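Data from data14.cif: mmCIF, C-alpha atoms and all ligand atoms
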```cif
data_query
loop_
_atom_site.label_atom_id
_atom_site.label_comp_id
_atom_site.auth_asym_id
_atom_site.auth_seq_id
_atom_site.Cartn_x
_atom_site.Cartn_y
_atom_site.Cartn_z
CA MET A 134 53.17 -141.96 -9.12
CA ILE A 135 49.41 -142.03 -9.21
CA VAL A 136 46.99 -139.26 -8.33
CA ILE A 137 43.85 -140.50 -6.66
CA MET A 138 40.98 -138.11 -7.32
CA LYS A 139 38.24 -137.62 -4.75
CA ARG A 140 34.99 -139.51 -5.13
CA GLY A 141 32.82 -137.29 -7.29
CA ALA A 142 35.68 -135.13 -8.60
CA THR A 143 34.37 -133.13 -11.56
CA ARG A 144 35.45 -133.50 -15.16
CA ALA A 145 36.98 -130.00 -15.01
CA GLN A 146 39.04 -130.90 -11.93
CA ILE A 147 40.34 -134.04 -13.63
CA THR A 148 41.23 -132.11 -16.77
CA ASN A 149 43.06 -129.48 -14.72
CA VAL A 150 45.16 -132.15 -13.03
CA THR A 151 46.05 -133.94 -16.27
CA ALA A 152 46.87 -130.65 -18.00
CA ARG A 153 49.15 -129.61 -15.15
CA ILE A 154 51.01 -132.91 -15.21
CA GLU A 155 51.45 -132.80 -18.99
CA GLN A 156 52.65 -129.20 -18.75
CA LEU A 157 55.42 -130.45 -16.47
CA GLY A 158 56.53 -132.83 -19.22
CA TYR A 159 55.04 -136.11 -17.98
CA ARG A 160 52.69 -138.54 -19.71
CA VAL A 161 49.28 -139.22 -18.25
CA HIS A 162 47.25 -142.40 -18.13
CA LEU A 163 43.65 -142.12 -16.95
CA SER A 164 41.86 -144.97 -15.25
CA GLU A 165 38.22 -144.15 -14.69
CA GLY A 166 36.67 -146.53 -12.19
CA GLU A 167 33.06 -146.61 -11.08
CA GLU A 168 33.83 -144.78 -7.87
CA ARG A 169 36.82 -142.63 -8.62
CA THR A 170 39.37 -141.67 -11.22
CA ILE A 171 43.04 -142.49 -10.94
CA VAL A 172 45.56 -140.45 -12.90
CA GLY A 173 48.77 -142.30 -13.64
CA VAL A 174 51.90 -140.23 -14.18
CA ILE A 175 54.73 -141.60 -16.30
CA GLY A 176 58.02 -139.79 -16.55
CA ASN A 177 61.26 -141.63 -17.17
CA GLY A 178 62.01 -142.00 -13.48
CA ARG A 179 62.21 -138.22 -12.94
CA PRO A 180 60.57 -137.46 -9.60
CA LEU A 181 57.59 -135.13 -9.67
CA ASP A 182 56.95 -132.76 -6.80
CA ARG A 183 53.79 -134.24 -5.29
CA GLU A 184 52.76 -131.41 -3.02
CA PRO A 185 51.50 -128.89 -5.60
CA ILE A 186 49.43 -131.65 -7.20
CA GLU A 187 47.99 -132.68 -3.84
CA ARG A 188 46.80 -129.13 -3.29
CA MET A 189 44.77 -129.07 -6.49
CA ASP A 190 40.96 -129.18 -6.33
CA GLY A 191 39.45 -132.63 -6.51
CA VAL A 192 42.67 -134.45 -5.55
CA GLU A 193 42.49 -136.82 -2.59
CA ARG A 194 46.14 -137.91 -2.44
CA THR A 195 49.12 -139.05 -4.46
CA VAL A 196 50.95 -142.35 -4.12
CA PRO A 197 54.42 -143.05 -5.48
CA ILE A 198 54.74 -146.23 -7.56
CA LEU A 199 58.04 -147.81 -6.81
CA ARG A 200 57.71 -150.76 -9.16
CA PRO A 201 59.35 -150.45 -12.59
CA PHE A 202 56.18 -151.43 -14.43
CA LYS A 203 53.50 -148.76 -14.46
CA LEU A 204 50.75 -149.19 -17.09
CA THR A 205 50.78 -152.90 -16.37
CA SER A 206 50.45 -152.50 -12.62
CA ARG A 207 47.35 -153.01 -10.53
CA GLU A 208 48.06 -149.70 -8.73
CA PHE A 209 47.68 -147.77 -11.98
CA HIS A 210 44.60 -149.66 -13.03
CA PRO A 211 42.82 -151.27 -10.08
CA GLN A 212 40.01 -152.97 -12.05
CA ASP A 213 40.64 -156.20 -13.96
CA THR A 214 41.21 -155.70 -17.67
CA VAL A 215 38.88 -157.79 -19.78
CA VAL A 216 40.21 -158.41 -23.28
CA LYS A 217 37.39 -158.76 -25.80
CA VAL A 218 37.86 -160.48 -29.11
CA ASN A 219 35.07 -161.51 -31.50
CA GLY A 220 32.53 -162.06 -28.76
CA VAL A 221 34.94 -163.80 -26.36
CA SER A 222 35.91 -161.98 -23.15
CA ILE A 223 39.20 -162.97 -21.54
CA GLY A 224 39.60 -161.93 -17.91
CA GLY A 225 35.91 -161.92 -16.96
CA GLU A 226 33.96 -164.40 -14.87
CA GLN A 227 33.83 -166.99 -17.62
CA LEU A 228 37.03 -168.96 -18.17
CA VAL A 229 38.38 -169.10 -21.71
CA VAL A 230 40.01 -172.28 -22.98
CA MET A 231 42.10 -171.86 -26.12
CA ALA A 232 43.05 -175.11 -27.81
CA GLY A 233 44.34 -176.60 -31.01
CA PRO A 234 47.46 -178.14 -32.46
CA CYS A 235 50.97 -176.91 -31.82
CA ALA A 236 51.35 -176.30 -35.56
CA VAL A 237 48.93 -176.12 -38.46
CA GLU A 238 49.93 -179.10 -40.62
CA SER A 239 47.20 -179.54 -43.21
CA CYS A 240 43.64 -178.53 -44.01
CA GLU A 241 42.20 -181.82 -42.68
CA GLN A 242 44.23 -181.65 -39.49
CA ILE A 243 43.29 -178.08 -38.52
CA MET A 244 39.63 -178.56 -39.46
CA GLU A 245 39.35 -181.75 -37.45
CA ALA A 246 41.07 -180.10 -34.49
CA ALA A 247 38.92 -176.96 -34.75
CA ARG A 248 35.67 -178.95 -34.77
CA ALA A 249 36.79 -180.99 -31.76
CA VAL A 250 37.82 -177.86 -29.83
CA LYS A 251 34.50 -176.18 -30.58
CA GLU A 252 32.45 -179.24 -29.68
CA ALA A 253 34.18 -179.64 -26.32
CA GLY A 254 33.60 -176.00 -25.37
CA GLY A 255 36.93 -174.42 -26.34
CA ARG A 256 36.42 -170.73 -27.21
CA VAL A 257 39.59 -169.86 -29.17
CA LEU A 258 41.49 -171.96 -31.72
CA ARG A 259 45.28 -172.08 -31.45
CA GLY A 260 47.74 -173.20 -34.13
CA GLY A 261 51.21 -172.11 -35.16
CA ALA A 262 51.94 -171.14 -38.76
CA TYR A 263 55.45 -169.87 -37.97
CA LYS A 264 57.19 -172.15 -35.51
CA PRO A 265 60.30 -170.91 -33.70
CA ARG A 266 61.94 -174.33 -33.28
CA THR A 267 65.03 -175.09 -31.26
CA SER A 268 66.44 -177.07 -34.18
CA PRO A 269 66.68 -175.65 -37.71
CA TYR A 270 65.91 -179.18 -38.98
CA SER A 271 62.53 -179.39 -37.24
CA PHE A 272 59.24 -178.49 -38.97
CA GLN A 273 59.12 -174.70 -39.20
CA GLY A 274 55.42 -174.30 -39.98
CA LEU A 275 53.40 -173.75 -43.14
CA GLY A 276 53.83 -169.96 -43.11
CA GLU A 277 51.13 -167.95 -44.85
CA GLU A 278 49.37 -171.09 -46.01
CA GLY A 279 48.99 -171.99 -42.32
CA LEU A 280 47.44 -168.58 -41.64
CA ARG A 281 44.97 -169.11 -44.49
CA LEU A 282 43.96 -172.48 -43.09
CA LEU A 283 43.43 -170.97 -39.64
CA ALA A 284 41.18 -168.29 -41.13
CA GLN A 285 39.25 -171.02 -42.93
CA ALA A 286 38.80 -172.92 -39.66
CA ARG A 287 37.57 -169.72 -38.01
CA ASP A 288 35.08 -169.18 -40.83
CA GLU A 289 33.68 -172.66 -40.38
CA THR A 290 33.58 -172.84 -36.58
CA GLY A 291 33.30 -169.17 -35.55
CA LEU A 292 36.23 -169.62 -33.15
CA PRO A 293 38.65 -166.66 -33.08
CA VAL A 294 42.23 -167.75 -33.75
CA VAL A 295 45.49 -167.14 -31.90
CA THR A 296 48.77 -167.67 -33.71
CA GLU A 297 52.38 -166.76 -33.16
CA VAL A 298 54.21 -163.92 -34.85
CA ILE A 299 57.98 -164.19 -34.72
CA GLU A 300 59.26 -161.06 -36.47
CA PRO A 301 58.23 -157.42 -36.36
CA GLN A 302 57.98 -157.22 -40.17
CA MET A 303 55.42 -160.02 -40.13
CA VAL A 304 52.96 -158.29 -37.81
CA PRO A 305 50.86 -156.71 -40.61
CA LEU A 306 50.54 -160.04 -42.45
CA VAL A 307 49.66 -162.08 -39.35
CA THR A 308 47.21 -159.35 -38.30
CA THR A 309 45.25 -159.81 -41.52
CA TYR A 310 44.47 -163.42 -40.55
CA ALA A 311 44.70 -163.70 -36.76
CA ASP A 312 42.39 -162.46 -34.02
CA ILE A 313 45.05 -162.65 -31.29
CA LEU A 314 48.80 -162.27 -31.87
CA GLN A 315 50.96 -164.63 -29.84
CA VAL A 316 54.45 -163.62 -28.75
CA GLY A 317 56.23 -166.83 -27.82
CA ALA A 318 58.51 -167.58 -24.90
CA ARG A 319 61.62 -167.32 -27.09
CA ASN A 320 60.62 -163.81 -28.15
CA MET A 321 59.43 -162.37 -24.86
CA GLN A 322 62.33 -159.93 -24.84
CA ASN A 323 62.41 -159.23 -28.57
CA TYR A 324 61.86 -155.53 -28.09
CA ALA A 325 61.38 -154.73 -31.78
CA LEU A 326 58.59 -157.34 -31.87
CA LEU A 327 57.02 -156.00 -28.65
CA HIS A 328 57.05 -152.53 -30.19
CA ALA A 329 55.41 -153.80 -33.38
CA VAL A 330 52.61 -155.71 -31.61
CA GLY A 331 52.18 -152.68 -29.35
CA GLU A 332 51.11 -150.75 -32.44
CA ALA A 333 48.93 -153.53 -33.85
CA GLN A 334 45.15 -153.47 -33.70
CA ARG A 335 44.90 -156.92 -32.14
CA PRO A 336 45.08 -158.35 -28.62
CA VAL A 337 48.43 -159.92 -27.75
CA LEU A 338 49.03 -163.19 -25.91
CA LEU A 339 52.42 -162.72 -24.26
CA LYS A 340 54.13 -165.88 -23.06
CA ARG A 341 56.65 -165.88 -20.23
CA GLY A 342 60.19 -166.49 -21.40
CA MET A 343 61.60 -169.82 -20.27
CA MET A 344 64.30 -168.04 -18.29
CA SER A 345 62.38 -164.93 -17.34
CA THR A 346 61.31 -163.60 -13.99
CA ILE A 347 57.83 -162.32 -13.26
CA GLU A 348 59.18 -158.78 -13.31
CA GLU A 349 60.75 -159.31 -16.74
CA LEU A 350 57.42 -160.62 -18.03
CA LEU A 351 55.62 -157.56 -16.72
CA MET A 352 58.27 -155.25 -18.19
CA ALA A 353 57.78 -156.96 -21.57
CA ALA A 354 54.04 -156.33 -21.23
CA GLU A 355 54.85 -152.73 -20.33
CA TYR A 356 56.55 -152.33 -23.73
CA ILE A 357 53.36 -153.38 -25.47
CA LEU A 358 51.11 -151.17 -23.37
CA SER A 359 53.43 -148.19 -23.67
CA HIS A 360 53.15 -148.42 -27.45
CA GLY A 361 49.41 -148.06 -27.22
CA ASN A 362 48.06 -151.60 -27.06
CA GLU A 363 46.34 -152.31 -23.76
CA ARG A 364 44.84 -155.62 -24.82
CA VAL A 365 47.52 -157.92 -23.43
CA ILE A 366 46.98 -161.41 -22.00
CA LEU A 367 49.80 -162.84 -19.88
CA CYS A 368 50.65 -166.53 -20.13
CA GLU A 369 52.56 -168.70 -17.66
CA ARG A 370 54.07 -171.60 -19.65
CA GLY A 371 56.73 -172.91 -17.30
CA ILE A 372 60.33 -171.97 -16.74
CA ARG A 373 63.54 -173.92 -17.03
CA THR A 374 64.83 -175.54 -13.85
CA PHE A 375 67.07 -178.52 -13.00
CA GLU A 376 64.05 -180.84 -13.21
CA HIS A 377 63.97 -182.91 -16.37
CA TYR A 378 61.05 -185.28 -15.85
CA THR A 379 58.95 -182.40 -17.10
CA ARG A 380 59.78 -180.19 -20.10
CA ASN A 381 59.52 -177.03 -17.99
CA THR A 382 58.57 -176.32 -14.40
CA LEU A 383 55.18 -174.69 -14.36
CA ASP A 384 55.18 -171.86 -11.85
CA ILE A 385 51.68 -172.05 -10.39
CA SER A 386 52.40 -169.23 -7.96
CA ALA A 387 52.87 -166.95 -10.97
CA VAL A 388 49.09 -166.97 -11.42
CA PRO A 389 47.98 -165.35 -8.15
CA LEU A 390 51.12 -163.23 -8.10
CA LEU A 391 50.51 -161.79 -11.57
CA LYS A 392 46.86 -161.18 -10.66
CA GLN A 393 48.03 -159.26 -7.59
CA LEU A 394 50.65 -157.20 -9.39
CA SER A 395 48.76 -156.55 -12.61
CA HIS A 396 45.26 -155.95 -13.95
CA LEU A 397 45.92 -157.98 -17.09
CA PRO A 398 44.27 -161.38 -17.66
CA VAL A 399 46.47 -164.40 -16.89
CA ILE A 400 46.24 -167.76 -18.62
CA VAL A 401 48.24 -170.96 -18.23
CA ASP A 402 49.75 -173.29 -20.83
CA PRO A 403 49.91 -176.73 -19.18
CA SER A 404 51.08 -178.35 -22.45
CA HIS A 405 54.42 -176.54 -22.75
CA GLY A 406 54.46 -176.17 -18.96
CA THR A 407 54.75 -179.93 -18.46
CA GLY A 408 55.59 -181.45 -21.87
CA LYS A 409 53.52 -184.56 -21.07
CA TRP A 410 49.92 -185.09 -22.10
CA GLU A 411 49.20 -187.11 -18.94
CA LEU A 412 49.98 -184.07 -16.80
CA VAL A 413 47.88 -181.62 -18.78
CA GLU A 414 44.56 -182.33 -17.09
CA PRO A 415 45.68 -182.19 -13.43
CA VAL A 416 47.78 -179.08 -14.06
CA SER A 417 44.86 -177.41 -15.86
CA ARG A 418 42.70 -178.02 -12.82
CA ALA A 419 45.39 -176.56 -10.58
CA ALA A 420 45.67 -173.47 -12.80
CA VAL A 421 41.94 -172.82 -12.60
CA ALA A 422 41.98 -173.36 -8.83
CA ALA A 423 44.85 -170.85 -8.55
CA GLY A 424 42.78 -168.17 -10.31
CA ALA A 425 43.81 -168.37 -13.96
CA ASP A 426 41.46 -166.65 -16.41
CA GLY A 427 41.93 -169.39 -18.95
CA LEU A 428 44.14 -172.04 -20.47
CA ILE A 429 45.89 -172.69 -23.76
CA ILE A 430 46.10 -176.39 -24.52
CA GLU A 431 47.57 -178.41 -27.39
CA VAL A 432 45.04 -180.74 -29.02
CA HIS A 433 45.81 -182.82 -32.09
CA PRO A 434 43.50 -185.29 -33.88
CA HIS A 435 46.39 -187.77 -34.14
CA PRO A 436 49.17 -186.83 -31.70
CA GLU A 437 51.30 -189.82 -32.75
CA GLU A 438 51.59 -188.27 -36.23
CA ALA A 439 52.09 -184.66 -35.09
CA LEU A 440 54.97 -182.74 -36.68
CA SER A 441 55.62 -180.98 -33.38
CA ASP A 442 54.82 -181.51 -29.70
CA GLY A 443 52.85 -184.74 -30.16
CA VAL A 444 53.86 -186.05 -26.72
CA GLN A 445 52.18 -183.16 -24.97
CA SER A 446 49.10 -183.00 -27.21
CA LEU A 447 45.72 -184.32 -26.16
CA LYS A 448 43.47 -186.37 -28.40
CA PRO A 449 40.04 -184.79 -28.91
CA GLY A 450 38.32 -187.23 -26.55
CA ARG A 451 40.79 -186.52 -23.75
CA PHE A 452 40.37 -182.81 -24.30
CA ALA A 453 36.60 -183.14 -23.97
CA ALA A 454 37.08 -185.11 -20.73
CA LEU A 455 39.43 -182.40 -19.43
CA MET A 456 36.82 -179.73 -20.12
CA GLU A 457 34.27 -181.67 -18.10
CA SER A 458 36.71 -182.15 -15.23
CA LEU A 459 37.34 -178.39 -15.10
CA ARG A 460 33.69 -177.57 -14.44
CA PRO A 461 33.54 -178.39 -10.70
CA VAL A 462 36.88 -176.65 -10.11
CA ALA A 463 35.69 -173.54 -11.93
CA GLU A 464 32.51 -173.55 -9.89
CA ALA A 465 34.43 -173.94 -6.64
CA VAL A 466 36.38 -170.74 -7.35
CA GLY A 467 33.35 -168.78 -8.51
CA ARG A 468 33.96 -169.02 -12.25
CA THR A 469 31.98 -170.43 -15.13
CA LEU A 470 33.28 -172.37 -18.08
C1 LIG A 501 53.54 -172.55 -28.72
O1 LIG A 501 52.62 -172.11 -28.03
O2 LIG A 501 53.37 -173.22 -29.72
C2 LIG A 501 54.93 -172.31 -28.29
C3 LIG A 501 55.93 -172.42 -29.15
O3 LIG A 501 55.04 -172.02 -26.99
P1 LIG A 501 56.26 -171.33 -26.19
O4 LIG A 501 56.56 -170.05 -26.90
O5 LIG A 501 55.65 -171.13 -24.83
O6 LIG A 501 57.38 -172.30 -26.17
MN MN A 502 53.97 -176.49 -29.11
#
```

Go through the file and emit its structure as structure tokens.
Amino acid sequence: MIVIMKRGATRAQITNVTARIEQLGYRVHLSEGEERTIVGVIGNGRPLDREPIERMDGVERTVPILRPFKLTSREFHPQDTVVKVNGVSIGGEQLVVMAGPCAVESCEQIMEAARAVKEAGGRVLRGGAYKPRTSPYSFQGLGEEGLRLLAQARDETGLPVVTEVIEPQMVPLVTTYADILQVGARNMQNYALLHAVGEAQRPVLLKRGMMSTIEELLMAAEYILSHGNERVILCERGIRTFEHYTRNTLDISAVPLLKQLSHLPVIVDPSHGTGKWELVEPVSRAAVAAGADGLIIEVHPHPEEALSDGVQSLKPGRFAALMESLRPVAEAVGRTL
């Protein structure tokens, strides 16, 4: 449940309420808004007697939260969370476009991609160093060398980097190079990994599993938040359906729905969501129109030579054109780019 404090409740009244709740064996999560404070109560599903709390000084009312996700929910935390990383704010008025190749392949490739992303107005560089591929015979990524190259591209362009971590034991290593840790669709319910990134000192980009419901995505986010990391960005990247003209079926309704249910920023991946470079621009525009806080897009200097996901990767020129085509849509929904 949540305890809604009265407007102007004093610090002492808030402390009394949190102390009382903790005394009863529950965990407390404070959300201090401009107008009033909301005290979230977390307790393993054990019901808490609301009446004695409602009688305490400074308390306006209590509201039970029936949804299974708590820290992630909008009820617990009514204001939008803005995730800040190296001068980039994700979840604010300005949209954030993350872009770069599916995988880091070489120094020349990542540098060329990084410069193109920066020049077109991308704000975060993406690139996989560890690739969780469906086939064991496909390119698996450059590993630590890939992380080093990403850090080099960041040093040159100033763009923070997002890269995937696929095992809990690798979190410390990836953290030394990356600004944002990506948990991929295939690992959305890898609870040991969610626990590890929950303890990391980096924001986490959590992608929706290809066979996961919205509630499962929010419960995965809840794992990360409940381990202490509140800097989580949710990503809709399409789910598997019977349709095979596209790689996945991008669930555009997930965007406004996630924004309703949760305070966390929501971005869209139109590259994996469609699997076709021709569809990336129109779907990006749709995502922005639907209220996404940003996009993550695959861009490769030479998609025809890419070691992974070339067919869904944009050439730099097409990426720049996409960025321009987003501007009027962003403006129409009250956002900047
Ligand atoms: C990726 O972003 O490179 C990736 C592998 O995406 P997903 O986990 O959504 O398939
Ligand atoms: Mn990819």

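In this comparison, which uses all atoms listed in the file, the residue of A:Val330, A:Ala463, A:Leu350, A:Leu394 approaching A:Gln212 most closely is A:Leu394.
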
Counting only C-alpha atoms and all ligand atoms, which of A:Ile430, A:Val192, A:Leu314, A:Cys368 gets nearest to ligand MN 502 (chain A)?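 Of A:Ile430, A:Val192, A:Leu314, A:Cys368, the one nearest ligand MN 502 (chain A), counting only C-alpha atoms and all ligand atoms, is A:Ile430.
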
Quick one: which chain A residues come within 6 Å of ligand LIG 501 (chain A), and what is the nearest atom pair for each with the distance in Å to one decimal, counting all atoms listed in the file, rows ordered by chain and ascending number, as CSV?
```
residue,atom,partner,partner_atom,distance
A:Cys235,CA,A:LIG501,O2,4.9
A:Gly261,CA,A:LIG501,O2,6.0
A:Gly317,CA,A:LIG501,O4,3.4
A:Ala318,CA,A:LIG501,O4,3.7
A:Arg319,CA,A:LIG501,O4,5.8
A:Lys340,CA,A:LIG501,O5,5.7
A:Arg370,CA,A:LIG501,O5,5.4
A:His405,CA,A:LIG501,O5,5.9
```

Check every protein, DNA and RNA residue against ligand MN 502 (chain A), keep those with an atom at most 9 Å away (counting only C-alpha atoms and all ligand atoms), and present them as number ranges by chain. A: 234-236, 260-261, 264, 404-405, 408, 431, 441-443, 445-446

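Shortest separation to A:Val466 among A:Met189, A:Ala354, A:Leu228, A:Ala329 occurs at residue A:Leu228, atoms counted being all atoms listed in the file.
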
In Å, with one decimal, what is the gap from atom CA of A:Trp410 to atom CA of A:Met343?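 Taking atom CA of A:Trp410 and atom CA of A:Met343, their separation equals 19.3 Å.
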
As a ChimeraX atom specification, please: the residues near stretch 413-417 of chain A (cut-off 9 Å, all atoms listed in the file, same-chain neighbours under 3 positions excluded). /A:383,385,401-404,406-410,420-422,428,430,445-447,451-452,454-456,458-459

Residues from the last selection, C-alpha atoms, saved as a JSON list (two decimals), in the frame of the given file:
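The resulting file, result_2.json, is shown below:
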```json
[["chain", "number", "residue", "atom", "x", "y", "z"],
["A", 383, "LEU", "CA", 55.18, -174.69, -14.36],
["A", 385, "ILE", "CA", 51.68, -172.05, -10.39],
["A", 401, "VAL", "CA", 48.24, -170.96, -18.23],
["A", 402, "ASP", "CA", 49.75, -173.29, -20.83],
["A", 403, "PRO", "CA", 49.91, -176.73, -19.18],
["A", 404, "SER", "CA", 51.08, -178.35, -22.45],
["A", 406, "GLY", "CA", 54.46, -176.17, -18.96],
["A", 407, "THR", "CA", 54.75, -179.93, -18.46],
["A", 408, "GLY", "CA", 55.59, -181.45, -21.87],
["A", 409, "LYS", "CA", 53.52, -184.56, -21.07],
["A", 410, "TRP", "CA", 49.92, -185.09, -22.10],
["A", 420, "ALA", "CA", 45.67, -173.47, -12.80],
["A", 421, "VAL", "CA", 41.94, -172.82, -12.60],
["A", 422, "ALA", "CA", 41.98, -173.36, -8.83],
["A", 428, "LEU", "CA", 44.14, -172.04, -20.47],
["A", 430, "ILE", "CA", 46.10, -176.39, -24.52],
["A", 445, "GLN", "CA", 52.18, -183.16, -24.97],
["A", 446, "SER", "CA", 49.10, -183.00, -27.21],
["A", 447, "LEU", "CA", 45.72, -184.32, -26.16],
["A", 451, "ARG", "CA", 40.79, -186.52, -23.75],
["A", 452, "PHE", "CA", 40.37, -182.81, -24.30],
["A", 454, "ALA", "CA", 37.08, -185.11, -20.73],
["A", 455, "LEU", "CA", 39.43, -182.40, -19.43],
["A", 456, "MET", "CA", 36.82, -179.73, -20.12],
["A", 458, "SER", "CA", 36.71, -182.15, -15.23],
["A", 459, "LEU", "CA", 37.34, -178.39, -15.10]]
```

Within-12 Å shell of (46.7, -159.5, -20.3) in input frame, all atoms listed in the file, as a PDB file with C-alpha atoms, in the coordinates of the input:
```
ATOM      1  CA  LEU A 204      50.750-149.190 -17.090  1.00  0.00           C
ATOM      2  CA  THR A 205      50.780-152.900 -16.370  1.00  0.00           C
ATOM      3  CA  SER A 206      50.450-152.500 -12.620  1.00  0.00           C
ATOM      4  CA  ARG A 207      47.350-153.010 -10.530  1.00  0.00           C
ATOM      5  CA  ASP A 213      40.640-156.200 -13.960  1.00  0.00           C
ATOM      6  CA  THR A 214      41.210-155.700 -17.670  1.00  0.00           C
ATOM      7  CA  VAL A 215      38.880-157.790 -19.780  1.00  0.00           C
ATOM      8  CA  VAL A 216      40.210-158.410 -23.280  1.00  0.00           C
ATOM      9  CA  LYS A 217      37.390-158.760 -25.800  1.00  0.00           C
ATOM     10  CA  SER A 222      35.910-161.980 -23.150  1.00  0.00           C
ATOM     11  CA  ILE A 223      39.200-162.970 -21.540  1.00  0.00           C
ATOM     12  CA  GLY A 224      39.600-161.930 -17.910  1.00  0.00           C
ATOM     13  CA  GLY A 225      35.910-161.920 -16.960  1.00  0.00           C
ATOM     14  CA  ILE A 313      45.050-162.650 -31.290  1.00  0.00           C
ATOM     15  CA  GLN A 315      50.960-164.630 -29.840  1.00  0.00           C
ATOM     16  CA  PRO A 336      45.080-158.350 -28.620  1.00  0.00           C
ATOM     17  CA  VAL A 337      48.430-159.920 -27.750  1.00  0.00           C
ATOM     18  CA  LEU A 338      49.030-163.190 -25.910  1.00  0.00           C
ATOM     19  CA  LEU A 339      52.420-162.720 -24.260  1.00  0.00           C
ATOM     20  CA  LYS A 340      54.130-165.880 -23.060  1.00  0.00           C
ATOM     21  CA  ARG A 341      56.650-165.880 -20.230  1.00  0.00           C
ATOM     22  CA  LEU A 350      57.420-160.620 -18.030  1.00  0.00           C
ATOM     23  CA  LEU A 351      55.620-157.560 -16.720  1.00  0.00           C
ATOM     24  CA  ALA A 353      57.780-156.960 -21.570  1.00  0.00           C
ATOM     25  CA  ALA A 354      54.040-156.330 -21.230  1.00  0.00           C
ATOM     26  CA  GLU A 355      54.850-152.730 -20.330  1.00  0.00           C
ATOM     27  CA  ILE A 357      53.360-153.380 -25.470  1.00  0.00           C
ATOM     28  CA  LEU A 358      51.110-151.170 -23.370  1.00  0.00           C
ATOM     29  CA  ASN A 362      48.060-151.600 -27.060  1.00  0.00           C
ATOM     30  CA  GLU A 363      46.340-152.310 -23.760  1.00  0.00           C
ATOM     31  CA  ARG A 364      44.840-155.620 -24.820  1.00  0.00           C
ATOM     32  CA  VAL A 365      47.520-157.920 -23.430  1.00  0.00           C
ATOM     33  CA  ILE A 366      46.980-161.410 -22.000  1.00  0.00           C
ATOM     34  CA  LEU A 367      49.800-162.840 -19.880  1.00  0.00           C
ATOM     35  CA  CYS A 368      50.650-166.530 -20.130  1.00  0.00           C
ATOM     36  CA  GLU A 369      52.560-168.700 -17.660  1.00  0.00           C
ATOM     37  CA  VAL A 388      49.090-166.970 -11.420  1.00  0.00           C
ATOM     38  CA  LEU A 391      50.510-161.790 -11.570  1.00  0.00           C
ATOM     39  CA  LYS A 392      46.860-161.180 -10.660  1.00  0.00           C
ATOM     40  CA  LEU A 394      50.650-157.200  -9.390  1.00  0.00           C
ATOM     41  CA  SER A 395      48.760-156.550 -12.610  1.00  0.00           C
ATOM     42  CA  HIS A 396      45.260-155.950 -13.950  1.00  0.00           C
ATOM     43  CA  LEU A 397      45.920-157.980 -17.090  1.00  0.00           C
ATOM     44  CA  PRO A 398      44.270-161.380 -17.660  1.00  0.00           C
ATOM     45  CA  VAL A 399      46.470-164.400 -16.890  1.00  0.00           C
ATOM     46  CA  ILE A 400      46.240-167.760 -18.620  1.00  0.00           C
ATOM     47  CA  VAL A 401      48.240-170.960 -18.230  1.00  0.00           C
ATOM     48  CA  ALA A 425      43.810-168.370 -13.960  1.00  0.00           C
ATOM     49  CA  ASP A 426      41.460-166.650 -16.410  1.00  0.00           C
ATOM     50  CA  GLY A 427      41.930-169.390 -18.950  1.00  0.00           C
TER      51      GLY A 427
END
```

Atom-to-atom span, atom CA of A:Arg259 and atom CA of A:Pro436, Å: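 Separation of atom CA of A:Arg259 and atom CA of A:Pro436: 15.3 Å.
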
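Counting from atom CA of A:Arg418, the distance to atom CA of A:Val221 is 21.1 Å.
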
Using only C-alpha atoms, which protein or nucleic acid residues come within 9 Å of A:Tyr263? Drop anything in the same chain fewer than 3 positions from it, and give the result as an MDAnalysis selection string. chainID A and resid 236 273:277 279:280 296:299

Could you list, with a cut-off of 10 Å and counting all atoms listed in the file, the residues of stretch 179-282 of chain A near stretch 139-160 of chain A, each shown with its nearest atom pair and the distance in Å rounded to one decimal, rows sorted by chain and ascending number, as JSON lines?
```
{"residue": "A:Arg179", "atom": "CA", "partner": "A:Tyr159", "partner_atom": "CA", "distance": 9.0}
{"residue": "A:Leu181", "atom": "CA", "partner": "A:Leu157", "partner_atom": "CA", "distance": 8.5}
{"residue": "A:Pro185", "atom": "CA", "partner": "A:Arg153", "partner_atom": "CA", "distance": 9.9}
{"residue": "A:Ile186", "atom": "CA", "partner": "A:Val150", "partner_atom": "CA", "distance": 7.2}
{"residue": "A:Glu187", "atom": "CA", "partner": "A:Val150", "partner_atom": "CA", "distance": 9.6}
{"residue": "A:Met189", "atom": "CA", "partner": "A:Val150", "partner_atom": "CA", "distance": 7.2}
{"residue": "A:Asp190", "atom": "CA", "partner": "A:Gln146", "partner_atom": "CA", "distance": 6.2}
{"residue": "A:Gly191", "atom": "CA", "partner": "A:Ala142", "partner_atom": "CA", "distance": 5.0}
{"residue": "A:Val192", "atom": "CA", "partner": "A:Lys139", "partner_atom": "CA", "distance": 5.5}
{"residue": "A:Glu193", "atom": "CA", "partner": "A:Lys139", "partner_atom": "CA", "distance": 4.8}
{"residue": "A:Arg194", "atom": "CA", "partner": "A:Lys139", "partner_atom": "CA", "distance": 8.2}
```

Among the residues A:Thr290, A:Leu258, A:Leu327, A:Gly450, the one that comes closest to A:Gln302 [using only C-alpha atoms]: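 Among the listed residues, A:Leu327 lies closest to A:Gln302.
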